[in-house]
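See below for data_34.json, which holds JSON, C-alpha atoms.
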```json
[["chain", "number", "residue", "atom", "x", "y", "z"],
["A", 1, "MET", "CA", -180.80, 171.32, 66.61],
["A", 2, "TYR", "CA", -177.93, 170.06, 64.50],
["A", 3, "PRO", "CA", -176.69, 172.96, 62.35],
["A", 4, "ALA", "CA", -174.64, 172.57, 59.18],
["A", 5, "GLU", "CA", -173.30, 175.36, 57.00],
["A", 6, "ALA", "CA", -171.88, 175.55, 53.51],
["A", 7, "GLU", "CA", -170.35, 178.46, 51.64],
["A", 8, "ILE", "CA", -170.43, 178.41, 47.85],
["A", 9, "ARG", "CA", -168.33, 181.04, 46.07],
["A", 10, "THR", "CA", -169.86, 182.17, 42.80],
["A", 11, "ASP", "CA", -170.36, 185.30, 40.74],
["A", 12, "ARG", "CA", -174.07, 184.47, 40.34],
["A", 13, "ALA", "CA", -175.15, 183.87, 43.94],
["A", 14, "SER", "CA", -178.55, 185.57, 43.62],
["A", 15, "ARG", "CA", -179.38, 183.73, 40.41],
["A", 16, "TYR", "CA", -178.56, 180.33, 41.90],
["A", 17, "LEU", "CA", -180.44, 181.08, 45.12],
["A", 18, "VAL", "CA", -183.63, 181.92, 43.19],
["A", 19, "GLN", "CA", -183.19, 178.89, 40.92],
["A", 20, "LEU", "CA", -182.81, 176.52, 43.90],
["A", 21, "CYS", "CA", -185.85, 177.98, 45.69],
["A", 22, "LYS", "CA", -187.97, 177.70, 42.54],
["A", 23, "HIS", "CA", -186.88, 174.07, 42.24],
["A", 24, "PHE", "CA", -188.10, 173.36, 45.78],
["A", 25, "SER", "CA", -191.35, 175.27, 45.21],
["A", 26, "ASN", "CA", -192.16, 172.91, 42.30],
["A", 27, "ARG", "CA", -192.19, 169.95, 44.72],
["A", 28, "GLY", "CA", -195.52, 168.68, 43.38],
["A", 29, "SER", "CA", -194.16, 168.14, 39.88],
["A", 30, "ALA", "CA", -191.18, 166.24, 41.30],
["A", 31, "LEU", "CA", -193.54, 163.69, 42.83],
["A", 32, "ARG", "CA", -194.70, 162.56, 39.39],
["A", 33, "HIS", "CA", -191.28, 161.01, 38.84],
["A", 34, "ARG", "CA", -190.14, 157.75, 40.35],
["A", 35, "PRO", "CA", -188.99, 158.54, 43.92],
["A", 36, "ARG", "CA", -185.25, 158.32, 44.51],
["A", 37, "LEU", "CA", -183.57, 157.62, 47.81],
["A", 38, "HIS", "CA", -181.37, 160.26, 49.31],
["A", 39, "ALA", "CA", -177.67, 159.58, 49.69],
["A", 40, "GLY", "CA", -176.97, 157.54, 52.78],
["A", 41, "GLY", "CA", -179.90, 155.15, 52.33],
["A", 42, "GLY", "CA", -182.74, 157.46, 53.33],
["A", 43, "ARG", "CA", -186.30, 156.98, 52.19],
["A", 44, "PRO", "CA", -188.14, 158.87, 49.43],
["A", 45, "VAL", "CA", -190.18, 161.95, 50.31],
["A", 46, "THR", "CA", -193.88, 161.14, 50.57],
["A", 47, "GLU", "CA", -196.59, 163.28, 49.01],
["A", 48, "ALA", "CA", -197.79, 164.30, 52.48],
["A", 49, "GLU", "CA", -194.27, 165.43, 53.45],
["A", 50, "ALA", "CA", -193.92, 167.41, 50.24],
["A", 51, "ALA", "CA", -197.21, 169.18, 50.99],
["A", 52, "LEU", "CA", -195.74, 170.41, 54.29],
["A", 53, "MET", "CA", -192.76, 172.02, 52.55],
["A", 54, "GLN", "CA", -192.85, 175.83, 52.63],
["A", 55, "VAL", "CA", -190.60, 177.92, 50.37],
["A", 56, "GLN", "CA", -190.05, 181.68, 50.47],
["A", 57, "TRP", "CA", -187.39, 183.73, 48.70],
["A", 58, "SER", "CA", -186.26, 187.09, 47.45],
["A", 59, "GLU", "CA", -183.24, 188.03, 45.32],
["A", 60, "THR", "CA", -180.88, 187.80, 48.33],
["A", 61, "ARG", "CA", -182.52, 185.46, 50.87],
["A", 62, "GLY", "CA", -184.38, 182.19, 50.76],
["A", 63, "GLU", "CA", -185.91, 179.77, 53.24],
["A", 64, "VAL", "CA", -187.06, 176.20, 52.67],
["A", 65, "ASP", "CA", -188.94, 174.57, 55.54],
["A", 66, "PHE", "CA", -189.08, 170.83, 54.95],
["A", 67, "GLY", "CA", -191.12, 170.23, 58.11],
["A", 68, "TRP", "CA", -188.26, 168.22, 59.61],
["A", 69, "ALA", "CA", -185.48, 170.70, 58.74],
["A", 70, "LEU", "CA", -185.11, 174.37, 57.89],
["A", 71, "CYS", "CA", -182.74, 175.53, 55.17],
["A", 72, "SER", "CA", -181.82, 179.24, 55.15],
["A", 73, "LEU", "CA", -180.07, 180.69, 52.11],
["A", 74, "GLN", "CA", -178.36, 184.04, 51.74],
["A", 75, "ALA", "CA", -176.76, 185.47, 48.60],
["A", 76, "CYS", "CA", -174.10, 188.07, 49.19],
["A", 77, "ARG", "CA", -171.18, 189.13, 47.11],
["A", 78, "PRO", "CA", -169.17, 187.10, 46.25],
["A", 79, "ARG", "CA", -170.73, 183.98, 47.83],
["A", 80, "THR", "CA", -173.90, 182.10, 48.73],
["A", 81, "THR", "CA", -174.27, 180.67, 52.24],
["A", 82, "ALA", "CA", -176.58, 177.77, 53.03],
["A", 83, "THR", "CA", -177.44, 176.78, 56.59],
["A", 84, "ARG", "CA", -179.53, 173.76, 57.49],
["A", 85, "SER", "CA", -181.05, 173.15, 60.90],
["A", 86, "ARG", "CA", -182.76, 169.98, 61.96],
["A", 87, "THR", "CA", -184.98, 169.75, 65.01],
["A", 88, "ALA", "CA", -184.20, 167.04, 67.50],
["A", 89, "PRO", "CA", -186.66, 164.10, 67.51]]
```
Rewrite the coordinates I just gave you, this time as structure tokens.
Amino acid sequence: MYPAEAEIRTDRASRYLVQLCKHFSNRGSALRHRPRLHAGGGRPVTEAEAALMQVQWSETRGEVDFGWALCSLQACRPRTTATRSRTAP
């Protein structure tokens, strides 16, 4: 696993956590748009990969499982912490 962590200081951590998780849960609607490459020259997400994505959240915690990486979110005062883990090939 290759962990990465980010800390975002904000007064609205819970609100942003829920908003981000809702964005990921609407993955099907995002596929109707022209696919964009990720920064660094990656490839677009396929419909099959999007179908594997699992999203769960509450007001203070969220988890997005992309199938190839797991993103855990936690909202606490006064910050939001995001941790991403990627499984080794």
Write out as JSON, numbers by chain which residues come within 10 Å of Gln56 of chain A when counting all atoms listed in the file, dropping same-chain ones fewer than 2 positions away. {"A": [18, 21, 22, 24, 25, 54, 58, 61, 62, 63, 64, 65, 72]}
d(atom CA of Ala13 of chain A, atom CA of Trp68 of chain A) in Å: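 Computed distance, atom CA of Ala13 of chain A to atom CA of Trp68 of chain A, equals 25.7 Å.
Using only C-alpha atoms, the smallest distance between any of A:Asn26, A:Trp57, A:Leu17, A:Pro3 and Ala69 of chain A comes from A:Pro3.
Across the structure, atom CA of Val55 of chain A and atom CA of Arg9 of chain A are spaced 22.9 Å apart.
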Separation of atom CA of Thr60 of chain A and atom CA of Tyr2 of chain A, in Å?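 About the pair atom CA of Thr60 of chain A and atom CA of Tyr2 of chain A: they are 24.2 Å apart.
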Of the listed residues A:Ala75, A:Leu52, A:His23, A:Glu59, that which approaches Thr10 of chain A most closely, counting all atoms listed in the file: A:Ala75
